[in-house]
Amino acid sequence: MSYLFISRKNVHARYYKILTKRLQLDCELYVMGMPKWSALSYLKQAFSANFDQILNEQLQRKQAYNKIWNNPLLASLYSIILTFLERLRYAKYLAILKQKKPTHLVIWNGQKLPNITVVKAAKSLNINIFYFENGLLPDTVSLDPKGINFLSSLSKDPNFYLEYNLSDTFSPPTITPRKSSKKRNKFSPIELPERYIFVPFQVPHDTQIVCHSSWVQSMEAFYDEVIKAVRGLKDPSLKVVFKEHPSWHKHYDSLYLKDPLAVFANGNDTVELIEKSVAVLTINSTVGLESLLLNKEVITLGDACYNIEGLVLHANNKQQLVNCLTQMNQGWKANDQLRMKFFSYLEYVYCIPRISKDDPDHIQAVQERLIGSDSFSQQN
């Protein structure tokens, strides 16, 4: 077996450079750069391939970042240029993959440009793919042959975890606060309502929203749907506390005083907001996982890798959201055994520990995952 790691010249390339030197495997790092003349031979294939999904997702990201991209003329021009450039990129990576003939492609995320086009080329050649991503637990990475987030190999069947034989007990990790964007304003902590549902905003152009949120695709829409559903409970003691994502530069100040049912707690610690809440309502955020770690009940609106019956409540539409909130308000609780089994599986089977990028144990764990000799690979 041979492994081709592909990355732009960034932090992932530096990480891959360490891995490809230390792994006792036939592996190579290719850092993206200039066009290749050999791509000319694959232009016919590239210009017959369908790029609609890639184009639509990228345009949605641009529109989430800046409303200027909602202009039909600008969006149309951008679509033409982007499709042309991605066809050229596709031809280039067909040429590279044909030349190097790896059995496996190793790539980060695989759902964003430019990596999604590289993945498309690899799939057309029936090359196996491993997807790297930041881990679902602190100080870990994911390395999955199916995908990341909702597309990962993690089972959605609760019985899979309840029946999985693990002798080790899960030990909850310390949750590390996210760093705030330098473009964000500074906020002071507020006094929190006595009873509230915590609703964390997400980065609107992130993969989790663009690819895995079918009916709520902006934070403004998220706000409106939550407020309408909570108001429908007719529980005057229950409030909603929102928090903007610390990594997102935009401030939703038009929402701050929009409804008396809600407050924004941008200056409060996320762990505090989770712990003091009645429940947490998220699209598919990592905060949902953190809330489960802290034994808090969770409702999801989007596709999440932890959408498991008995672990969370999930709503695919407005009416289901009302039903989930009603259940939550009537005392619904997650299955504690399922919660512990799920996190034990993440800690001891699925996630790959990474204290440092060149830690020998980490290198060994990556190698075992790539060659399929670890416990995760054996049961998949």
# chains A, B, ... in the order shown; residues from 1 in each chain; ligands from 1
>>> residues_around(residues="Val278 in chain A", least_positions_apart="2", cutoff="10 Å", atoms="only C-alpha atoms", output="PyMOL selection string")
chain A and resi 194-198+238-240+273-276+280+296-298+328-329+331
>>> residues_around(residues="Glu347 in chain A", least_positions_apart="2", cutoff="12 Å", atoms="only C-alpha atoms", output="ChimeraX atom specification")
/A:135-142,166,168-173,293,340-345,349-354,376
>>> write_last_selection(atoms="C-alpha atoms", output="compact mmCIF listing (two decimals), in the first residue's frame")
# COMPACT_ATOMS: atom_id res chain seq x y z
CA GLY A 135 -10.65 15.36 16.90
CA LEU A 136 -14.03 15.05 18.57
CA LEU A 137 -12.31 15.08 21.97
CA PRO A 138 -9.62 17.51 23.18
CA ASP A 139 -6.02 16.62 22.17
CA THR A 140 -7.13 14.20 19.45
CA VAL A 141 -7.49 14.00 15.68
CA SER A 142 -9.94 12.09 13.50
CA LEU A 166 -15.05 -1.94 26.34
CA ASP A 168 -11.98 0.96 29.95
CA THR A 169 -14.14 3.65 31.55
CA PHE A 170 -14.40 7.05 29.95
CA SER A 171 -12.56 9.82 31.76
CA PRO A 172 -14.04 13.24 30.82
CA PRO A 173 -11.36 15.64 29.50
CA LEU A 293 -19.62 15.66 28.16
CA MET A 340 -20.77 6.93 28.68
CA LYS A 341 -20.46 4.11 26.13
CA PHE A 342 -20.43 6.57 23.23
CA PHE A 343 -17.66 8.67 24.77
CA SER A 344 -15.70 5.57 25.80
CA TYR A 345 -15.82 4.45 22.18
CA VAL A 349 -11.41 3.34 19.70
CA TYR A 350 -12.25 6.16 17.30
CA CYS A 351 -10.18 9.22 18.21
CA ILE A 352 -6.39 9.29 17.77
CA PRO A 353 -4.61 11.00 20.70
CA ARG A 354 -2.28 13.87 19.76
CA PHE A 376 -11.45 0.76 15.01
>>> closest_atom_pairs(of="range 90-197 of chain A", to="range 37-51 of chain A", cutoff="7 Å", atoms="only C-alpha atoms", output="CSV")
residue,atom,partner,partner_atom,distance
A:Tyr90,CA,A:Ala46,CA,6.0
A:Ala91,CA,A:Tyr42,CA,5.0
A:Lys92,CA,A:Ala39,CA,4.5
A:Leu94,CA,A:Tyr42,CA,6.9
A:Ala95,CA,A:Ala39,CA,5.3
>>> residues_around(residues="Leu313 in chain A", least_positions_apart="5", cutoff="7 Å", atoms="only C-alpha atoms", output="list in words")
Val298, Ile299, Thr300 and Cys324 of chain A
>>> select_by_dssp(residues="range 100-142 of chain A", states="helix (DSSP H, G or I)", output="PyMOL selection string")
chain A and resi 100+115-124
>>> write_last_selection(atoms="C-alpha atoms", output="short mmCIF file (atom, residue, chain, number, x, y, z; two decimals), in the first residue's frame")
data_model
loop_
_atom_site.label_atom_id
_atom_site.label_comp_id
_atom_site.auth_asym_id
_atom_site.auth_seq_id
_atom_site.Cartn_x
_atom_site.Cartn_y
_atom_site.Cartn_z
CA LYS A 100 2.09 8.58 -8.56
CA ASN A 115 -9.29 19.69 -1.25
CA ILE A 116 -12.79 18.73 -2.35
CA THR A 117 -11.66 18.83 -5.99
CA VAL A 118 -8.67 16.63 -5.17
CA VAL A 119 -11.04 14.17 -3.48
CA LYS A 120 -13.29 14.23 -6.54
CA ALA A 121 -10.31 13.30 -8.74
CA ALA A 122 -9.26 10.48 -6.39
CA LYS A 123 -12.79 9.03 -6.29
CA SER A 124 -12.98 9.04 -10.08
#
>>> closest_residue(among="A:Leu59, A:His251, A:Pro193, A:Ala262", to="Leu74 in chain A", atoms="only C-alpha atoms")
A:Leu59
>>> closest_residue(among="A:Asn295, A:Ser181, A:Asn109, A:Ser277", to="Ser7 in chain A", atoms="only C-alpha atoms")
A:Asn109
